[in-house]
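> upload.cif is reproduced below (mmCIF, C-alpha atoms).
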```
data_upload
#
loop_
_atom_site.label_atom_id
_atom_site.label_comp_id
_atom_site.auth_asym_id
_atom_site.auth_seq_id
_atom_site.Cartn_x
_atom_site.Cartn_y
_atom_site.Cartn_z
CA MET M 1 32.47 -54.05 -128.01
CA ALA M 2 28.94 -53.11 -129.03
CA VAL M 3 27.86 -52.38 -132.60
CA ILE M 4 24.53 -50.74 -133.35
CA LEU M 5 22.90 -52.30 -136.43
CA ILE M 6 20.24 -50.10 -138.06
CA GLY M 7 17.72 -51.43 -140.56
CA THR M 8 14.07 -51.83 -141.47
CA LEU M 9 13.24 -55.26 -140.09
CA ASP M 10 10.10 -55.56 -142.22
CA THR M 11 11.89 -55.19 -145.59
CA LYS M 12 15.53 -55.89 -144.65
CA GLY M 13 14.97 -58.29 -141.74
CA ALA M 14 16.67 -61.34 -143.26
CA GLU M 15 19.73 -59.28 -144.22
CA CYS M 16 19.97 -57.70 -140.76
CA ALA M 17 19.70 -61.12 -139.13
CA PHE M 18 22.49 -62.39 -141.40
CA VAL M 19 24.81 -59.50 -140.52
CA ARG M 20 23.98 -59.79 -136.84
CA GLU M 21 24.98 -63.44 -136.87
CA ARG M 22 28.25 -62.73 -138.67
CA LEU M 23 29.14 -60.03 -136.18
CA ARG M 24 28.37 -62.33 -133.27
CA GLN M 25 30.58 -65.00 -134.82
CA ALA M 26 33.36 -62.40 -134.87
CA GLY M 27 32.91 -61.87 -131.13
CA VAL M 28 31.11 -58.53 -131.40
CA GLU M 29 28.02 -57.67 -129.37
CA VAL M 30 25.17 -56.37 -131.54
CA ARG M 31 22.14 -54.22 -130.74
CA VAL M 32 19.61 -54.04 -133.55
CA VAL M 33 17.47 -50.94 -134.11
CA ASP M 34 14.29 -51.43 -136.15
CA THR M 35 13.17 -48.43 -138.25
CA GLY M 36 10.47 -50.16 -140.28
CA VAL M 37 6.83 -49.09 -140.50
CA LEU M 38 5.23 -51.23 -143.22
CA ARG M 39 4.92 -54.72 -141.78
CA PRO M 40 5.80 -56.56 -138.56
CA PRO M 41 9.54 -57.13 -138.03
CA VAL M 42 11.08 -60.40 -139.17
CA PHE M 43 12.67 -60.82 -135.75
CA LYS M 44 12.52 -59.03 -132.41
CA PRO M 45 14.94 -56.09 -132.29
CA ASP M 46 16.80 -54.80 -129.27
CA ILE M 47 15.33 -51.35 -129.86
CA PRO M 48 11.86 -51.58 -131.42
CA ARG M 49 10.41 -49.11 -133.90
CA GLU M 50 7.94 -47.83 -131.32
CA GLU M 51 10.86 -46.58 -129.23
CA VAL M 52 12.49 -44.98 -132.27
CA PHE M 53 9.43 -42.94 -133.19
CA ARG M 54 8.70 -42.09 -129.58
CA ALA M 55 12.17 -40.56 -129.40
CA ALA M 56 11.21 -38.51 -132.46
CA GLY M 57 8.12 -37.19 -130.68
CA ILE M 58 5.53 -39.07 -132.73
CA SER M 59 3.65 -42.34 -132.35
CA LEU M 60 4.00 -45.27 -134.72
CA ASP M 61 0.22 -45.55 -135.00
CA GLU M 62 0.02 -41.96 -136.21
CA LEU M 63 2.60 -42.61 -138.92
CA VAL M 64 0.89 -45.80 -140.05
CA ARG M 65 -2.43 -43.97 -140.35
CA ALA M 66 -0.87 -41.08 -142.25
CA GLN M 67 0.80 -43.38 -144.79
CA ASP M 68 3.31 -40.62 -145.50
CA ARG M 69 6.63 -42.27 -146.38
CA GLY M 70 8.61 -39.04 -146.37
CA ARG M 71 7.35 -38.11 -142.92
CA ALA M 72 8.13 -41.58 -141.61
CA VAL M 73 11.70 -41.46 -142.92
CA GLU M 74 12.28 -38.02 -141.43
CA ALA M 75 10.91 -39.14 -138.06
CA ALA M 76 12.95 -42.33 -138.07
CA ALA M 77 16.13 -40.37 -138.80
CA ARG M 78 15.38 -37.99 -135.96
CA GLY M 79 14.48 -40.75 -133.53
CA VAL M 80 17.49 -42.94 -134.26
CA THR M 81 19.76 -39.93 -133.89
CA VAL M 82 18.34 -39.14 -130.45
CA LEU M 83 18.67 -42.75 -129.28
CA LEU M 84 22.17 -43.19 -130.71
CA LEU M 85 23.48 -40.05 -129.07
CA ASP M 86 22.01 -41.17 -125.75
CA LEU M 87 23.61 -44.60 -126.05
CA TYR M 88 26.93 -43.07 -127.08
CA GLY M 89 26.83 -40.80 -124.06
CA GLN M 90 26.46 -43.93 -121.91
CA GLY M 91 29.48 -45.53 -123.56
CA GLN M 92 27.36 -48.16 -125.33
CA VAL M 93 28.26 -47.42 -128.96
CA ASP M 94 31.54 -48.71 -130.35
CA GLY M 95 30.45 -48.77 -133.98
CA VAL M 96 27.40 -48.27 -136.21
CA LEU M 97 26.41 -50.32 -139.24
CA GLY M 98 23.43 -49.58 -141.47
CA LEU M 99 21.74 -51.46 -144.30
CA GLY M 100 19.34 -49.88 -146.74
CA GLY M 101 18.20 -48.29 -149.95
CA SER M 102 17.43 -44.59 -150.19
CA ALA M 103 15.23 -44.44 -147.09
CA GLY M 104 17.43 -46.68 -144.97
CA THR M 105 20.53 -44.78 -146.03
CA THR M 106 18.90 -41.47 -145.13
CA VAL M 107 17.93 -42.73 -141.68
CA ALA M 108 21.15 -44.49 -140.70
CA THR M 109 23.57 -41.88 -141.99
CA ALA M 110 21.67 -39.08 -140.24
CA ALA M 111 22.45 -40.82 -136.96
CA MET M 112 26.03 -41.53 -138.00
CA ARG M 113 26.69 -37.87 -138.82
CA ALA M 114 25.67 -36.96 -135.28
CA LEU M 115 28.44 -39.10 -133.81
CA PRO M 116 31.96 -37.75 -133.40
CA PHE M 117 34.97 -38.53 -135.54
CA GLY M 118 36.60 -41.87 -134.83
CA VAL M 119 33.52 -43.96 -134.09
CA PRO M 120 33.41 -46.61 -136.86
CA LYS M 121 30.50 -45.90 -139.22
CA LEU M 122 29.65 -48.19 -142.15
CA MET M 123 26.66 -47.86 -144.48
CA VAL M 124 25.84 -50.69 -146.91
CA SER M 125 23.72 -48.90 -149.48
CA THR M 126 22.29 -49.27 -152.95
CA LEU M 127 23.31 -45.62 -153.46
CA ALA M 128 26.97 -45.92 -152.53
CA SER M 129 28.28 -45.86 -156.11
CA GLY M 130 26.79 -42.43 -156.82
CA GLN M 131 26.84 -38.98 -155.24
CA VAL M 132 27.00 -39.54 -151.49
CA LYS M 133 27.93 -36.08 -150.16
CA GLN M 134 24.48 -35.57 -148.62
CA TYR M 135 24.85 -38.81 -146.66
CA VAL M 136 28.48 -38.48 -145.58
CA GLY M 137 28.67 -34.75 -144.93
CA VAL M 138 31.93 -34.07 -143.08
CA ARG M 139 31.97 -37.30 -141.08
CA ASP M 140 34.13 -40.41 -141.45
CA ILE M 141 31.34 -42.58 -142.85
CA LEU M 142 32.36 -45.53 -145.00
CA MET M 143 29.87 -46.09 -147.83
CA MET M 144 29.82 -49.65 -149.18
CA HIS M 145 27.99 -50.38 -152.42
CA SER M 146 25.53 -53.26 -152.04
CA VAL M 147 25.96 -54.05 -155.80
CA VAL M 148 22.54 -55.73 -155.88
CA ASP M 149 19.38 -54.65 -154.12
CA ILE M 150 19.23 -55.48 -150.43
CA SER M 151 16.23 -57.74 -150.85
CA GLY M 152 17.36 -61.25 -150.09
CA ILE M 153 20.44 -63.36 -149.46
CA ASN M 154 22.08 -64.49 -152.71
CA ARG M 155 25.62 -65.20 -153.80
CA ILE M 156 26.33 -61.50 -154.39
CA SER M 157 24.59 -59.98 -151.37
CA ARG M 158 26.01 -62.71 -149.13
CA ARG M 159 29.58 -61.72 -149.94
CA VAL M 160 28.87 -58.01 -149.63
CA LEU M 161 27.20 -58.43 -146.24
CA GLU M 162 29.90 -60.78 -144.99
CA ASN M 163 32.54 -58.23 -145.99
CA ALA M 164 30.58 -55.48 -144.26
CA ALA M 165 30.34 -57.46 -141.02
CA ALA M 166 34.04 -58.33 -141.19
CA ALA M 167 34.96 -54.71 -141.85
CA MET M 168 32.92 -53.46 -138.90
CA ALA M 169 34.31 -56.15 -136.61
CA GLY M 170 37.82 -55.25 -137.70
CA MET M 171 37.32 -51.53 -137.13
CA VAL M 172 35.85 -52.09 -133.68
CA ARG M 173 38.54 -54.56 -132.65
CA TYR M 174 41.37 -52.36 -133.91
CA ARG M 175 39.89 -49.32 -132.20
CA PHE M 176 40.04 -51.08 -128.85
CA GLN M 177 43.50 -52.49 -129.45
CA ASP M 178 44.74 -49.04 -130.46
CA GLN M 179 43.28 -47.12 -127.49
CA GLY M 180 45.95 -45.04 -125.86
CA ALA M 181 48.38 -45.57 -128.72
CA GLY M 182 49.72 -42.88 -131.01
CA THR M 183 50.39 -39.23 -130.39
CA SER M 184 49.08 -37.32 -127.42
CA LYS M 185 50.09 -33.97 -128.87
CA PRO M 186 47.42 -31.26 -128.96
CA LEU M 187 45.82 -30.77 -132.37
CA VAL M 188 46.05 -27.63 -134.48
CA THR M 189 44.24 -27.07 -137.77
CA ALA M 190 45.50 -25.13 -140.78
CA THR M 191 43.90 -24.20 -144.09
CA MET M 192 45.75 -24.42 -147.38
CA PHE M 193 45.27 -23.90 -151.11
CA GLY M 194 47.79 -24.60 -153.86
CA VAL M 195 48.53 -20.88 -154.04
CA THR M 196 49.32 -20.68 -150.31
CA THR M 197 51.16 -24.00 -149.94
CA PRO M 198 54.66 -22.57 -149.26
CA CYS M 199 53.31 -20.49 -146.38
CA VAL M 200 51.29 -23.29 -144.81
CA GLU M 201 54.02 -25.90 -145.14
CA THR M 202 56.56 -23.68 -143.43
CA ALA M 203 54.13 -22.65 -140.70
CA ARG M 204 53.08 -26.25 -140.14
CA ARG M 205 56.67 -27.37 -139.54
CA LEU M 206 57.20 -24.58 -137.03
CA VAL M 207 54.00 -25.31 -135.11
CA GLU M 208 54.82 -29.03 -135.03
CA ALA M 209 58.29 -28.18 -133.71
CA GLY M 210 56.46 -26.39 -130.92
CA GLY M 211 54.91 -29.65 -129.74
CA TYR M 212 51.65 -29.79 -131.68
CA GLU M 213 50.17 -32.06 -134.34
CA VAL M 214 48.86 -30.09 -137.33
CA LEU M 215 45.89 -31.16 -139.46
CA VAL M 216 45.96 -29.36 -142.82
CA PHE M 217 42.63 -28.90 -144.60
CA HIS M 218 42.42 -28.07 -148.29
CA ALA M 219 40.15 -25.04 -148.56
CA THR M 220 37.80 -26.57 -151.13
CA GLY M 221 34.50 -26.11 -149.35
CA THR M 222 34.33 -29.55 -147.81
CA GLY M 223 37.75 -28.97 -146.26
CA GLY M 224 36.64 -25.84 -144.46
CA MET M 225 33.38 -27.42 -143.35
CA THR M 226 35.26 -30.44 -141.98
CA MET M 227 37.71 -28.27 -140.09
CA GLU M 228 34.88 -26.28 -138.54
CA SER M 229 33.22 -29.54 -137.42
CA PHE M 230 36.45 -30.73 -135.75
CA ILE M 231 36.66 -27.45 -133.85
CA ARG M 232 33.03 -27.67 -132.74
CA ASP M 233 33.68 -31.23 -131.52
CA GLY M 234 36.24 -29.86 -129.08
CA LEU M 235 39.21 -31.65 -130.66
CA ILE M 236 41.29 -28.62 -131.58
CA SER M 237 43.67 -26.50 -129.48
CA GLY M 238 44.51 -23.84 -132.05
CA VAL M 239 43.59 -22.70 -135.55
CA LEU M 240 45.95 -21.39 -138.21
CA ASP M 241 43.37 -20.12 -140.68
CA ILE M 242 45.77 -18.84 -143.31
CA THR M 243 43.58 -19.61 -146.34
CA THR M 244 40.11 -18.11 -145.98
CA THR M 245 39.33 -18.27 -149.71
CA GLU M 246 36.08 -20.19 -149.17
CA LEU M 247 34.53 -16.95 -147.92
CA ALA M 248 34.97 -15.47 -151.39
CA ASP M 249 33.16 -18.37 -153.05
CA GLU M 250 30.29 -18.03 -150.58
CA LEU M 251 30.02 -14.29 -151.18
CA VAL M 252 30.35 -14.24 -154.95
CA GLY M 253 28.88 -17.60 -155.94
CA GLY M 254 31.85 -19.89 -156.60
CA ILE M 255 31.82 -23.67 -156.38
CA LEU M 256 34.07 -24.07 -153.32
CA THR M 257 31.98 -22.43 -150.64
CA ALA M 258 32.04 -23.81 -147.11
CA GLY M 259 28.77 -22.10 -146.25
CA PRO M 260 27.93 -19.03 -144.17
CA ASP M 261 29.25 -20.54 -140.92
CA ARG M 262 32.84 -20.66 -142.13
CA LEU M 263 35.20 -18.88 -139.72
CA THR M 264 32.85 -19.17 -136.75
CA ALA M 265 33.64 -22.39 -134.85
CA ALA M 266 36.92 -21.26 -133.28
CA GLY M 267 35.29 -18.05 -132.14
CA LEU M 268 32.31 -19.83 -130.62
CA MET M 269 34.49 -22.42 -128.87
CA GLY M 270 37.03 -19.89 -127.61
CA VAL M 271 39.88 -21.63 -129.45
CA PRO M 272 42.98 -19.48 -130.09
CA GLN M 273 43.14 -18.54 -133.76
CA VAL M 274 45.34 -16.69 -136.19
CA ILE M 275 43.47 -15.57 -139.29
CA SER M 276 44.89 -14.44 -142.60
CA VAL M 277 43.52 -13.63 -146.04
CA GLY M 278 45.04 -16.36 -148.18
CA ALA M 279 43.58 -16.72 -151.70
CA LEU M 280 40.84 -14.14 -151.15
CA ASP M 281 41.90 -12.79 -154.53
CA MET M 282 39.99 -15.58 -156.24
CA VAL M 283 36.63 -17.26 -156.75
CA ASN M 284 36.55 -20.81 -158.12
CA PHE M 285 34.61 -22.22 -161.06
CA GLY M 286 34.91 -25.32 -163.22
CA PRO M 287 35.85 -25.28 -166.93
CA PRO M 288 35.45 -21.90 -168.66
CA ASP M 289 32.02 -22.76 -170.05
CA THR M 290 30.67 -23.23 -166.52
CA VAL M 291 31.32 -19.61 -165.50
CA PRO M 292 27.96 -17.79 -165.17
CA GLU M 293 27.23 -15.32 -167.95
CA LYS M 294 26.96 -12.43 -165.49
CA PHE M 295 30.70 -12.66 -164.86
CA ARG M 296 31.75 -12.32 -168.50
CA GLY M 297 34.31 -9.57 -168.83
CA ARG M 298 35.88 -10.19 -165.40
CA ARG M 299 39.55 -11.06 -164.93
CA PHE M 300 40.18 -14.83 -165.14
CA TYR M 301 43.07 -17.26 -164.78
CA GLN M 302 42.94 -20.83 -166.08
CA HIS M 303 44.47 -22.85 -163.26
CA ASN M 304 43.95 -26.11 -165.19
CA PRO M 305 41.36 -27.37 -167.71
CA ASN M 306 38.87 -28.04 -164.91
CA VAL M 307 39.48 -25.02 -162.66
CA THR M 308 38.84 -21.42 -163.69
CA LEU M 309 39.78 -18.70 -161.20
CA MET M 310 38.10 -15.28 -161.19
CA ARG M 311 39.72 -12.25 -159.55
CA THR M 312 37.74 -10.64 -156.73
CA THR M 313 37.02 -6.94 -157.13
CA PRO M 314 37.69 -4.08 -154.69
CA GLU M 315 33.98 -4.02 -153.83
CA GLU M 316 33.94 -7.74 -153.06
CA ASN M 317 37.12 -7.45 -151.03
CA ASP M 318 35.61 -4.64 -148.99
CA LYS M 319 32.75 -6.97 -148.04
CA LEU M 320 35.12 -9.87 -147.32
CA GLY M 321 37.24 -7.70 -145.04
CA LYS M 322 34.18 -6.66 -143.07
CA GLU M 323 33.04 -10.28 -142.72
CA ILE M 324 36.44 -11.42 -141.44
CA ALA M 325 36.67 -8.50 -139.02
CA MET M 326 33.17 -9.04 -137.64
CA LYS M 327 33.62 -12.79 -137.17
CA ALA M 328 37.01 -12.29 -135.54
CA SER M 329 35.58 -9.60 -133.27
CA ALA M 330 32.84 -11.96 -132.07
CA ALA M 331 35.37 -14.61 -130.98
CA LYS M 332 35.40 -15.68 -127.34
CA GLY M 333 39.06 -16.72 -127.43
CA PRO M 334 42.34 -14.99 -128.31
CA THR M 335 42.34 -13.93 -131.96
CA ALA M 336 44.84 -12.24 -134.25
CA ILE M 337 44.60 -11.23 -137.91
CA VAL M 338 47.82 -11.14 -139.92
CA LEU M 339 47.90 -9.30 -143.26
CA PRO M 340 50.44 -9.90 -146.05
CA LEU M 341 50.59 -6.45 -147.66
CA ARG M 342 52.47 -7.63 -150.77
CA GLY M 343 49.92 -10.19 -151.94
CA VAL M 344 47.55 -12.89 -150.73
CA SER M 345 48.32 -15.76 -153.12
CA ALA M 346 50.94 -17.08 -155.52
CA ILE M 347 49.23 -15.28 -158.42
CA ASP M 348 48.63 -12.07 -156.47
CA ALA M 349 52.09 -10.50 -156.62
CA GLU M 350 53.62 -7.82 -158.78
CA GLY M 351 53.75 -9.08 -162.36
CA LYS M 352 51.39 -12.00 -161.64
CA PRO M 353 47.89 -12.46 -163.20
CA PHE M 354 45.85 -11.39 -160.15
CA TRP M 355 48.03 -8.52 -158.96
CA TRP M 356 45.54 -5.73 -158.17
CA PRO M 357 46.77 -3.47 -155.36
CA GLU M 358 43.47 -1.57 -155.16
CA ALA M 359 41.53 -4.78 -154.50
CA ASP M 360 43.97 -5.89 -151.80
CA TYR M 361 43.89 -2.43 -150.23
CA ALA M 362 40.09 -2.58 -150.02
CA LEU M 363 40.37 -5.90 -148.18
CA PHE M 364 42.99 -4.68 -145.73
CA GLU M 365 41.33 -1.33 -145.07
CA SER M 366 37.96 -2.96 -144.38
CA ILE M 367 39.56 -5.22 -141.78
CA ARG M 368 41.27 -2.23 -140.17
CA LEU M 369 38.01 -0.31 -139.95
CA TRP M 370 35.69 -3.07 -138.71
CA LYS M 371 37.75 -5.17 -136.30
CA ALA M 372 37.25 -4.77 -132.55
CA PRO M 373 40.16 -3.24 -130.58
CA ARG M 374 40.76 -6.49 -128.70
CA VAL M 375 41.51 -8.35 -131.96
CA GLU M 376 45.23 -7.99 -132.61
CA LEU M 377 46.05 -6.83 -136.14
CA ILE M 378 49.53 -7.49 -137.51
CA GLU M 379 50.47 -5.98 -140.86
CA LEU M 380 53.61 -7.25 -142.55
CA ASP M 381 55.23 -5.79 -145.64
CA LEU M 382 55.59 -9.30 -147.04
CA HIS M 383 53.96 -11.64 -149.53
CA ILE M 384 51.91 -14.46 -148.01
CA ASN M 385 54.39 -17.07 -149.31
CA ASP M 386 57.49 -15.29 -147.99
CA PRO M 387 59.11 -17.46 -145.28
CA PRO M 388 59.13 -14.64 -142.70
CA PHE M 389 55.35 -14.32 -143.04
CA ALA M 390 54.91 -18.03 -142.30
CA GLU M 391 57.24 -17.71 -139.34
CA ALA M 392 55.23 -14.78 -138.01
CA VAL M 393 51.83 -16.49 -138.17
CA ALA M 394 53.21 -19.69 -136.64
CA GLN M 395 54.89 -17.81 -133.81
CA LYS M 396 51.76 -15.79 -133.12
CA LEU M 397 49.59 -18.91 -132.86
CA LEU M 398 52.08 -20.60 -130.53
CA GLU M 399 52.05 -17.46 -128.39
CA LEU M 400 48.24 -17.35 -128.24
CA MET M 401 47.98 -21.06 -127.38
CA HIS M 402 50.58 -20.77 -124.65
CA GLN M 403 48.75 -17.78 -123.20
CA ALA M 404 45.44 -19.64 -123.30
CA ALA M 405 46.97 -22.70 -121.64
CA GLY M 406 48.43 -20.50 -118.89
CA THR M 407 45.08 -18.85 -118.32
CA ARG M 408 43.33 -22.20 -117.96
CA ALA M 409 46.00 -23.46 -115.57
CA SER M 410 46.06 -20.38 -113.33
CA PRO M 411 43.91 -20.45 -110.15
CA LYS M 412 40.75 -18.36 -110.01
#
```
Step by step, read the file and then write its structure as structure tokens.

Amino acid sequence: MAVILIGTLDTKGAECAFVRERLRQAGVEVRVVDTGVLRPPVFKPDIPREEVFRAAGISLDELVRAQDRGRAVEAAARGVTVLLLDLYGQGQVDGVLGLGGSAGTTVATAAMRALPFGVPKLMVSTLASGQVKQYVGVRDILMMHSVVDISGINRISRRVLENAAAAMAGMVRYRFQDQGAGTSKPLVTATMFGVTTPCVETARRLVEAGGYEVLVFHATGTGGMTMESFIRDGLISGVLDITTTELADELVGGILTAGPDRLTAAGLMGVPQVISVGALDMVNFGPPDTVPEKFRGRRFYQHNPNVTLMRTTPEENDKLGKEIAMKASAAKGPTAIVLPLRGVSAIDAEGKPFWWPEADYALFESIRLWKAPRVELIELDLHINDPPFAEAVAQKLLELMHQAAGTRASPK
């Protein structure tokens, strides 16, 4: 069991030495990486700062002469990431623990985000009680508030650092004890929103009955980004992308965008995927007073006091249909698009607030026009939350995965 401990040994040397000792007492091997540039290290690290900056393509002397803190932090983050990935590839990283303020947190978490899901990652930071999205991203990084500044061993910092060392030791130990345990079923991802829950829940049960484990991601921006990262990591055997609503937020300017790369990972990795148009009738905003002035006069639905939904227009749906069709057409693996012709969400049905047949037609027609012939298009005269629709998308994904598995198994 080897834990990589990242810190600036000129300003956080005593604290790193303390944590290193506690980890060793717990029976964990420790390799310390020094990312400092100001003064000589308090103790000799296993990986010196010179090696870190060399991995970043710059010399320590050059950084010292430049006296540019921002450049030094950026280089340290890049260098540690390179070294950590190399060590991980050699099987020498069982966990990563970082200590730091803003600079140390930036450096250590950059390296942590480069590591795959499941590797224990713990950051003791002065920033952990605030907004940490930029540090965590879509990775399983545990942020631990240092409570006091990391600038000496006192009765508060001692307890925090002891708890951090114990937590890391526990995660590493449990990870080794648990190796080989648990399910060996292939993983499938699915996307869900409150307004598509009946469909996804039914489809999930059917796919799981087919011998798969299903990970459901809430399509709130971070959910879609996380799912895409799992696919890129090679962990996923099939994708049930029922709820592509994040594309609408990216296009129109809502708050739940997953970025421009949404709906690309499965295609790039050749993973079988079934795509639908769940909740593309809506763009998400916060309370009513947060809706940009340019949208005044549009059709809205107050989901709750903190969530305001705005209906997408025919013009927006035309663009969304083209985007889905183009991304599906670029996929390397088997891909199908399934359309629910009677509505794409719980509030897009006859008599419901977002029922707008012309807008839905624009979405469907754009997909029909722009998709490549090899992308299978299935149109069902059903609402997205009708049980037969869920059964159809689940069965289609099982069919595509079985076909892909047979192709991989067949001799060349």
> Using all atoms listed in the file, which residue out of M:Arg158, M:Lys44, M:Lys121, M:Arg175 lies closest to Met143 of chain M?
M:Lys121
> Using the chain letters and residue numbers of this document, give as a short mmCIF file (atom, residue, chain, number, x, y, z; two decimals) with C-alpha atoms, in the coordinates of the input the residues selected by the PyMOL selection byres ((chain M and resi 391) around 12).

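Output below, filename part-v7.cif:
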```cif
data_model
loop_
_atom_site.label_atom_id
_atom_site.label_comp_id
_atom_site.auth_asym_id
_atom_site.auth_seq_id
_atom_site.Cartn_x
_atom_site.Cartn_y
_atom_site.Cartn_z
CA PRO M 198 54.66 -22.57 -149.26
CA CYS M 199 53.31 -20.49 -146.38
CA VAL M 200 51.29 -23.29 -144.81
CA GLU M 201 54.02 -25.90 -145.14
CA THR M 202 56.56 -23.68 -143.43
CA ALA M 203 54.13 -22.65 -140.70
CA ARG M 204 53.08 -26.25 -140.14
CA ARG M 205 56.67 -27.37 -139.54
CA LEU M 206 57.20 -24.58 -137.03
CA VAL M 207 54.00 -25.31 -135.11
CA ALA M 209 58.29 -28.18 -133.71
CA LEU M 240 45.95 -21.39 -138.21
CA VAL M 338 47.82 -11.14 -139.92
CA LEU M 380 53.61 -7.25 -142.55
CA LEU M 382 55.59 -9.30 -147.04
CA ILE M 384 51.91 -14.46 -148.01
CA ASN M 385 54.39 -17.07 -149.31
CA ASP M 386 57.49 -15.29 -147.99
CA PRO M 387 59.11 -17.46 -145.28
CA PRO M 388 59.13 -14.64 -142.70
CA PHE M 389 55.35 -14.32 -143.04
CA ALA M 390 54.91 -18.03 -142.30
CA ALA M 392 55.23 -14.78 -138.01
CA VAL M 393 51.83 -16.49 -138.17
CA ALA M 394 53.21 -19.69 -136.64
CA GLN M 395 54.89 -17.81 -133.81
CA LYS M 396 51.76 -15.79 -133.12
CA LEU M 397 49.59 -18.91 -132.86
CA LEU M 398 52.08 -20.60 -130.53
#
```
> What is the distance between atom CA of Asp348 of chain M and atom CA of Thr313 of chain M, in Å to one decimal?
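Answer for the atom CA of Asp348 of chain M to atom CA of Thr313 of chain M separation: 12.7 Å.
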> Would you compute the distance between atom CA of Arg71 of chain M and atom CA of Val33 of chain M? Give it in Å to one decimal.
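Atom-to-atom, atom CA of Arg71 of chain M to atom CA of Val33 of chain M, that is 18.6 Å.
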> Just the residues within 12 Å of Ala349 of chain M, please, counting only C-alpha atoms, with nothing from its chain fewer than 6 positions along; format it as a ChimeraX atom specification.
/M:195,279,281,340-343,355-357,360,382-386
> Give as a PyMOL selection string the residues that the PyMOL selection byres ((chain M and resi 316) around 10) matches when applied to the coordinates above.
chain M and resi 248+251-252+280-281+311-315+317-321+359+362-363
> Closest to Asp249 of chain M among M:Ile6, M:Val283, M:Val375, M:Val124, using only C-alpha atoms?
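Closest residue, counting only C-alpha atoms: M:Val283.
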> May I ask for the distance between atom CA of Arg374 of chain M and atom CA of Val274 of chain M, given in Å to one decimal place?
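Between these atoms lies a distance of 13.5 Å.
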> Selected by the PyMOL selection byres ((chain M and resi 131-136) around 8) in the shown coordinates: which residues, as a VMD selection string?
chain M and resid 105 to 106 109 to 110 113 127 to 130 137 to 141
> Please provide the set of residues having any atom within 10 Å of Ala164 of chain M, restricted to only C-alpha atoms, with same-chain residues fewer than 2 positions apart removed, written as a list in words.
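The residues that qualify are Val19, Arg22, Leu23, Leu97, Gly98, Leu99, Leu122, Met123, Val124, Met144, His145, Ser146, Arg158, Arg159, Val160, Leu161, Glu162, Ala166, Ala167, Met168, Ala169 and Gly170 of chain M.
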> Go ahead and write the residues just picked, C-alpha atoms, as an mmCIF file, in the frame of the given file.

```
data_model
loop_
_atom_site.group_PDB
_atom_site.id
_atom_site.type_symbol
_atom_site.label_atom_id
_atom_site.label_comp_id
_atom_site.auth_asym_id
_atom_site.auth_seq_id
_atom_site.Cartn_x
_atom_site.Cartn_y
_atom_site.Cartn_z
ATOM 1 C CA VAL M 19 24.810 -59.500 -140.520
ATOM 2 C CA ARG M 22 28.250 -62.730 -138.670
ATOM 3 C CA LEU M 23 29.140 -60.030 -136.180
ATOM 4 C CA LEU M 97 26.410 -50.320 -139.240
ATOM 5 C CA GLY M 98 23.430 -49.580 -141.470
ATOM 6 C CA LEU M 99 21.740 -51.460 -144.300
ATOM 7 C CA LEU M 122 29.650 -48.190 -142.150
ATOM 8 C CA MET M 123 26.660 -47.860 -144.480
ATOM 9 C CA VAL M 124 25.840 -50.690 -146.910
ATOM 10 C CA MET M 144 29.820 -49.650 -149.180
ATOM 11 C CA HIS M 145 27.990 -50.380 -152.420
ATOM 12 C CA SER M 146 25.530 -53.260 -152.040
ATOM 13 C CA ARG M 158 26.010 -62.710 -149.130
ATOM 14 C CA ARG M 159 29.580 -61.720 -149.940
ATOM 15 C CA VAL M 160 28.870 -58.010 -149.630
ATOM 16 C CA LEU M 161 27.200 -58.430 -146.240
ATOM 17 C CA GLU M 162 29.900 -60.780 -144.990
ATOM 18 C CA ALA M 166 34.040 -58.330 -141.190
ATOM 19 C CA ALA M 167 34.960 -54.710 -141.850
ATOM 20 C CA MET M 168 32.920 -53.460 -138.900
ATOM 21 C CA ALA M 169 34.310 -56.150 -136.610
ATOM 22 C CA GLY M 170 37.820 -55.250 -137.700
#
```
> Between M:Thr264, M:Gln25, M:Thr308, M:Gln90, which is the closest to Ser329 of chain M once you count all atoms listed in the file?
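That would be M:Thr264, the residue with the smallest distance to Ser329 of chain M.
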> So, with only C-alpha atoms as the atoms that count, which of M:Ile236, M:Ala325, M:Ala103, M:Ala165 lies closest to Ala17 of chain M?
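Counting only C-alpha atoms, the residue closest to Ala17 of chain M is M:Ala165.
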> Would you kindly return, as number ranges by chain, each protein, DNA or RNA residue with an atom no farther than 9 Å from any atom of Leu9 of chain M, considering all atoms listed in the file and excluding same-chain residues fewer than 5 positions away?
M: 14-17, 33-37, 39-45
> Report, as AutoDock Vina command-line options, the axis-aligned box around all atoms of segment 2-17 of chain M present in the file, extended by 4 Å on each side; give centre and edge lengths in Å to one decimal place.

```
--center_x 19.5 --center_y -55.7 --center_z -137.3 --size_x 26.8 --size_y 19.2 --size_z 24.6
```
> So that I can check the surroundings of Arg54 of chain M, please list as a list in words every protein, DNA and RNA residue that reaches within 12 Å of it, counting all atoms listed in the file and ignoring chain neighbours fewer than 4 positions away.
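In the requested form, the answer reads Thr35, Ile47, Pro48, Arg49, Glu50, Ile58, Ser59, Leu60, Asp61, Glu62, Leu63, Ala75, Ala76, Ala77, Arg78, Gly79, Val80, Val82 and Leu83 of chain M.
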> List as an MDAnalysis selection string the protein and nucleic acid residues near Val188 of chain M, meaning an atom at most 6 Å away when only C-alpha atoms are counted, but skip any in the same chain fewer than 2 places from it.
chainID M and resid 214 236:239
